[in-house]
Each structure stands twice: as structure tokens, then as C-alpha cells.
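Participant: Got a structure for you, written out below as C-alpha cells; questions coming shortly.
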Amino acid sequence: MKDSKVYLILQNGKQFIGKRFGADGDITGELVFTTGMTGYIETLTDPSYYGQIVTQTFPLIGNYGFISQDCESKRAWVSAYIVREKCDVPSNFRCEKTLENYLCENNIVGLYGIDTRELTKIVREAGVMNAAITSKPLKNTDEIAKYSIKKAVDNVSCKEIEYYGKPSGLKIAVWDFGAKDNIVRELVKRGCYCIKVPANYTAQQILDLKVDGLMLTNGPGDPADNVTIIENLKKLAGKLPIFGICLGHQLFALAMGGKTKKMKYGHRGANQPVKNLETGRVYISSQNHGYEVVSSSLKNAGKLSYINANDGTCEGFDYPELNAFTVQFHPEACGGPQDAAFLFDKFIKNIKDGKYNA
């Protein structure tokens, strides 16, 4: 019931009491936080948040309502949504409905009225943990601790092949591990013909499409769980130009013999600084990931291209001999910033140079 008392119970036993909004019901998920001041529509509809309870650190959410044109997919993917204060009277000329309307329509449990600053500090200190939103307090957190995100990529990927753009353009296979729509928009905007294929496609099926390049998209979950995709990537490396984003970056690193590991609380938000190691220039990027590539594990496979200016973690790798490059951050960020959109131009240049110099 709307505005009724609801409990947020963390895996470590910590408890918060707030109010319910959105859909009714109890839910368990992996508790994470995102620091974006805007872009909550993109957050809710980003498949990379599959299985997660998302906390917004910015205190007021929903002030420009819900705008379907800003969605990154056809539905919401978060397990539940936590805000300090929700706005019930949005003001924006593009507004179609309230945030709460959207959560109800998509059966997403919401919670508001708790100290999200305190909650964020707990996650920063203790690390990402599981949590449950329940109508009644729980004394035993054993079941919460057992929760894990399973078959994440399979559950968010498209189920059949999809086509975007004009067939006369460069043909790009977009391997959908949980793709944000703006990846396709950015390619189509540059004249590409995008063929989005499901995650269970094989290397041979992708090669049979006779495409000019391959885009490895973002997506949810532990990259190491995707054993079959990694094996197929090994067969594709060097066969056609490749650009990987987020999970795509991690999967390609694993295919090249690298390693990934889970971060303490990840990078989620629209204000992550990344440094280009060749030029020294820093770009502000949008990010959403809980795993990182261990750059030292790839020292014989390619060249580290970007690092996070805050913590020094791997943000990009170039593989010149394979005509491939990957980045951990999101150059297609629809909600901004768009500092790194030039990477799509780099991908297209790599394709054309490969064609002309073959």
C-alpha cells in the first residue's frame, strides 16, 4: 500500500524504516548506489542494473517526471528503487507521468523517506551487500545473504535478431548482453546499419552475417559467468573490428586471457573521471559496473589506454594487432556526460581503415 511503513534490511543486520511507493510486494536484491543528479530514467531502464536494489544518492528524485523517449530499453530492470525524497508534482514540458506511475506500471518496488546518505556510507565502508525490502521486520538475514544474481545476461538480452538504420550503411553486429538503446542510436546517427543479435549467438553465426564490425555491449552480472560467450569471442578476435563497452570490455579481456574481480562498491554515476594515458587528458564519464578488469593480467595482450583518475582502476584497453579496443565507461551516455562520444567515430574509422588497408 502506498506510503505504508516498509523495512529495508541489510545482509549485515542493519535496518532502515521508510515508506513504500511504486509497486507492492517484498523483494531481495544486491544493494548498490548511484551518484547521478539526473538520469534516473536511464538508470531505471538500464539492463545492467538487473537483480539490483538501486539507491540514488541525490536527495530529490522525480522532479522532471517520466519521459519514455529517454528510456534505455523497453522496461525497467532494477529489482527495487530507493530515494530520499520523491517528487509527486514534476515540472517539465516533456513529462508524461510521475516516477511513481512508472514504477507501478512496471511492478517495481520503491522505498522513500530513509537517510540515503547513511545508507550510502554503509555500502562504501562495508562494500556491496544484499538487502531486502519487506513489510515486516526480519530477525534472520540468512536468506538475504544467500541471494545471488543468476543468468543475468540471458535474462536481459534480446530473444531474436533486430535491425536498425539504413541497409546502405556500414553493417555492425551489436552483440546484446543487455544493451542500452543509445549504443544503437549513436551508431545509426553515424550512418551505420545495426544488426542486434542475442547473447546466445555463436561466433560463426556472427561471421555469417558478413558485418563490417562488432559491438560488444554493456550488461549485468559477473563477467566470468559467461563462459560460452568468452569462448566465442576468442574465435572472433582478429576476424573483424571490435569495440567493447562495459561488460563487453570485461568479456573481451577474459577472452584475451585476462582476469576480472568484483569491486568493493563499483562505479555508478555520471561523474567518473577517466584519464587517457597517451594524451593525459581527463574525461568525465557515465559508469555502471561492479566488476573491473585486472590490467596487469593483460600486459602481454594489449595496451592499457584509460584509467580511473580516482582509484587507478582499468578503464580501457587497446588491442592494435586485433583492430579492437574496449572501454569500461559509457561513451553513449544519453543522460550525459557525452565527453567520450568520439569513441564511436574511432570505431568507424577503424572499420574503414581496415577495409582500405586489408
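Quick note on naming: the chains in the C-alpha cells go A, B, ... in the order shown, residues restart at 1 in each chain, and ligands are numbered from 1 in order of appearance.
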Got a sec: who's within 7 Å of Lys2 (chain A), counting only C-alpha atoms, leaving out chain neighbours fewer than 2 positions off, as a short mmCIF file (atom, residue, chain, number, x, y, z; two decimals) with N, CA, C and O atoms, in the first residue's frame?
Facilitator:
data_model
loop_
_atom_site.label_atom_id
_atom_site.label_comp_id
_atom_site.auth_asym_id
_atom_site.auth_seq_id
_atom_site.Cartn_x
_atom_site.Cartn_y
_atom_site.Cartn_z
N SER A 4 2.78 3.26 3.04
CA SER A 4 2.77 2.45 4.26
C SER A 4 4.20 2.19 4.73
O SER A 4 5.16 2.31 3.96
N ARG A 20 6.62 3.14 1.57
CA ARG A 20 6.54 2.45 0.29
C ARG A 20 6.01 3.38 -0.80
O ARG A 20 5.13 4.20 -0.57
N PHE A 21 6.57 3.25 -2.00
CA PHE A 21 5.95 3.84 -3.19
C PHE A 21 6.19 2.90 -4.37
O PHE A 21 6.97 1.97 -4.27
#
Participant: What residues in region 228-346 of chain A get the DSSP label strand (DSSP E)? Please answer as a ChimeraX atom specification.
Facilitator: /A:242-245,259-276,282-294,303-308,314-319,324-327
Participant: What would the file look like if the residues just selected were written as a short mmCIF file (atom, residue, chain, number, x, y, z; two decimals), in the first residue's frame with N, CA and C atoms?
Facilitator:
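That gives us selection18.cif:
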data_model
loop_
_atom_site.label_atom_id
_atom_site.label_comp_id
_atom_site.auth_asym_id
_atom_site.auth_seq_id
_atom_site.Cartn_x
_atom_site.Cartn_y
_atom_site.Cartn_z
N ILE A 242 36.48 -4.64 -33.58
CA ILE A 242 35.65 -4.81 -32.39
C ILE A 242 35.75 -3.59 -31.49
N PHE A 243 34.61 -3.20 -30.93
CA PHE A 243 34.52 -2.13 -29.93
C PHE A 243 33.69 -2.68 -28.78
N GLY A 244 34.23 -2.69 -27.56
CA GLY A 244 33.52 -3.20 -26.41
C GLY A 244 33.27 -2.13 -25.37
N ILE A 245 32.07 -2.14 -24.78
CA ILE A 245 31.70 -1.17 -23.76
C ILE A 245 31.27 -1.91 -22.50
N LYS A 259 41.94 -11.23 -16.40
CA LYS A 259 41.14 -11.57 -15.22
C LYS A 259 40.26 -10.39 -14.83
N THR A 260 39.14 -10.70 -14.18
CA THR A 260 38.28 -9.66 -13.63
C THR A 260 38.06 -9.95 -12.14
N LYS A 261 37.68 -8.91 -11.41
CA LYS A 261 37.38 -9.11 -9.99
C LYS A 261 36.27 -8.16 -9.57
N LYS A 262 35.56 -8.55 -8.51
CA LYS A 262 34.47 -7.71 -8.02
C LYS A 262 35.04 -6.56 -7.21
N MET A 263 34.48 -5.36 -7.43
CA MET A 263 34.93 -4.17 -6.73
C MET A 263 34.20 -4.04 -5.40
N LYS A 264 34.72 -3.22 -4.53
CA LYS A 264 34.10 -3.07 -3.21
C LYS A 264 32.69 -2.51 -3.32
N TYR A 265 32.53 -1.44 -4.09
CA TYR A 265 31.18 -0.90 -4.30
C TYR A 265 30.97 -0.38 -5.73
N GLY A 266 31.92 -0.60 -6.59
CA GLY A 266 31.76 -0.29 -8.00
C GLY A 266 31.77 1.19 -8.34
N HIS A 267 31.54 1.47 -9.60
CA HIS A 267 31.42 2.84 -10.12
C HIS A 267 30.03 2.97 -10.75
N ARG A 268 29.19 3.78 -10.15
CA ARG A 268 27.85 4.00 -10.71
C ARG A 268 27.50 5.48 -10.58
N GLY A 269 27.32 6.13 -11.71
CA GLY A 269 27.01 7.56 -11.70
C GLY A 269 27.49 8.23 -12.96
N ALA A 270 27.31 9.53 -13.02
CA ALA A 270 27.63 10.29 -14.24
C ALA A 270 28.80 11.25 -14.02
N ASN A 271 29.66 10.92 -13.06
CA ASN A 271 30.73 11.87 -12.72
C ASN A 271 32.06 11.18 -12.48
N GLN A 272 32.34 10.10 -13.22
CA GLN A 272 33.57 9.35 -13.04
C GLN A 272 34.67 9.87 -13.98
N PRO A 273 35.79 10.35 -13.43
CA PRO A 273 36.86 10.86 -14.29
C PRO A 273 37.77 9.74 -14.80
N VAL A 274 37.98 9.72 -16.11
CA VAL A 274 38.87 8.72 -16.71
C VAL A 274 40.00 9.44 -17.45
N LYS A 275 41.20 8.91 -17.31
CA LYS A 275 42.39 9.56 -17.88
C LYS A 275 42.91 8.76 -19.05
N ASN A 276 43.10 9.45 -20.18
CA ASN A 276 43.73 8.85 -21.35
C ASN A 276 45.24 8.82 -21.11
N VAL A 282 41.77 14.18 -19.27
CA VAL A 282 40.77 13.54 -18.41
C VAL A 282 39.38 13.83 -18.94
N TYR A 283 38.56 12.80 -19.02
CA TYR A 283 37.18 12.93 -19.46
C TYR A 283 36.26 12.56 -18.30
N ILE A 284 35.13 13.24 -18.19
CA ILE A 284 34.12 12.88 -17.20
C ILE A 284 33.16 11.90 -17.88
N SER A 285 32.93 10.77 -17.22
CA SER A 285 32.17 9.70 -17.86
C SER A 285 31.03 9.20 -17.00
N SER A 286 30.09 8.57 -17.68
CA SER A 286 29.00 7.85 -17.02
C SER A 286 29.41 6.39 -16.88
N GLN A 287 29.15 5.80 -15.72
CA GLN A 287 29.55 4.42 -15.50
C GLN A 287 28.51 3.66 -14.69
N ASN A 288 28.52 2.35 -14.87
CA ASN A 288 27.64 1.47 -14.09
C ASN A 288 28.23 0.07 -14.11
N HIS A 289 29.10 -0.22 -13.16
CA HIS A 289 29.68 -1.57 -13.13
C HIS A 289 30.17 -1.90 -11.72
N GLY A 290 30.13 -3.18 -11.41
CA GLY A 290 30.59 -3.66 -10.11
C GLY A 290 31.81 -4.54 -10.20
N TYR A 291 32.29 -4.78 -11.44
CA TYR A 291 33.49 -5.59 -11.66
C TYR A 291 34.51 -4.77 -12.45
N GLU A 292 35.77 -5.13 -12.29
CA GLU A 292 36.84 -4.43 -13.02
C GLU A 292 37.77 -5.43 -13.68
N VAL A 293 38.39 -5.01 -14.75
CA VAL A 293 39.44 -5.79 -15.39
C VAL A 293 40.74 -5.55 -14.64
N VAL A 294 41.45 -6.62 -14.31
CA VAL A 294 42.76 -6.50 -13.67
C VAL A 294 43.77 -6.23 -14.77
N LYS A 303 47.33 -2.97 -24.77
CA LYS A 303 47.87 -1.76 -24.16
C LYS A 303 46.79 -1.07 -23.32
N LEU A 304 47.09 -0.82 -22.07
CA LEU A 304 46.18 -0.08 -21.20
C LEU A 304 46.01 1.34 -21.74
N SER A 305 44.78 1.76 -21.97
CA SER A 305 44.54 3.05 -22.61
C SER A 305 43.95 4.10 -21.68
N TYR A 306 43.08 3.68 -20.74
CA TYR A 306 42.44 4.62 -19.81
C TYR A 306 42.48 4.04 -18.40
N ILE A 307 42.61 4.93 -17.42
CA ILE A 307 42.47 4.53 -16.03
C ILE A 307 41.50 5.48 -15.33
N ASN A 308 40.92 5.02 -14.23
CA ASN A 308 40.06 5.88 -13.44
C ASN A 308 40.94 6.84 -12.64
N CYS A 314 41.38 -0.03 -14.13
CA CYS A 314 41.38 -0.11 -15.59
C CYS A 314 40.08 0.43 -16.17
N GLU A 315 40.19 1.35 -17.13
CA GLU A 315 39.02 1.92 -17.79
C GLU A 315 39.03 1.70 -19.29
N GLY A 316 40.10 1.12 -19.83
CA GLY A 316 40.13 0.88 -21.26
C GLY A 316 41.37 0.12 -21.69
N PHE A 317 41.24 -0.64 -22.79
CA PHE A 317 42.37 -1.39 -23.32
C PHE A 317 42.31 -1.36 -24.84
N ASP A 318 43.47 -1.19 -25.46
CA ASP A 318 43.58 -1.25 -26.91
C ASP A 318 44.30 -2.54 -27.30
N TYR A 319 43.82 -3.14 -28.41
CA TYR A 319 44.43 -4.35 -28.95
C TYR A 319 44.74 -4.09 -30.42
N ALA A 324 40.97 -3.94 -32.33
CA ALA A 324 39.93 -3.95 -31.30
C ALA A 324 40.32 -3.00 -30.18
N PHE A 325 39.30 -2.40 -29.56
CA PHE A 325 39.53 -1.60 -28.36
C PHE A 325 38.27 -1.66 -27.50
N THR A 326 38.45 -1.51 -26.20
CA THR A 326 37.32 -1.61 -25.28
C THR A 326 37.46 -0.56 -24.18
N VAL A 327 36.32 -0.14 -23.63
CA VAL A 327 36.32 0.82 -22.53
C VAL A 327 35.33 0.38 -21.47
#
Participant: Per DSSP on the backbone, what are the helix (DSSP H, G or I) residues of region 214-286 of chain A, as a list of chain:residue names?
Facilitator: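 Taking region 214-286 of chain A and keeping helix (DSSP H, G or I) gives A:Pro223, A:Ala224, A:Asp225, A:Val227, A:Thr228, A:Ile229, A:Ile230, A:Glu231, A:Asn232, A:Leu233, A:Lys234, A:Lys235, A:Leu236, A:Leu247, A:Gly248, A:His249, A:Gln250, A:Leu251, A:Phe252, A:Ala253, A:Leu254, A:Ala255.
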Participant: Please provide the set of residues having any atom within 12 Å of Asn106 (chain A), restricted to only C-alpha atoms, with same-chain residues fewer than 6 positions apart removed, written as a ChimeraX atom specification.
Facilitator: /A:22-24,44-45,74-81,99-100
Participant: Write out as a count of residues only which residues come within 7 Å of region 219-232 of chain A when counting only C-alpha atoms, dropping same-chain ones fewer than 3 positions away.
Facilitator: 19
Participant: Return the single residue from A:Leu119, A:Ile82, A:Gln11, A:Pro241 that is closest to Met215 (chain A), with distances computed using only C-alpha atoms.
Facilitator: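 Checking each candidate against Met215 (chain A), we get A:Pro241 as the closest.
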Participant: Tell me which of A:Val188, A:Cys194, A:Ile114, A:Met256 sits closest to Ser295 (chain A), counting only C-alpha atoms.
Facilitator: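 Among the listed residues, the smallest separation from Ser295 (chain A) belongs to A:Met256.
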Participant: Hey, what's within 8 Å of Glu85 (chain A) if we count only C-alpha atoms and toss same-chain stuff fewer than 5 positions away? As a VMD selection string, please?
Facilitator: chain A and resid 59 to 61 112 to 113
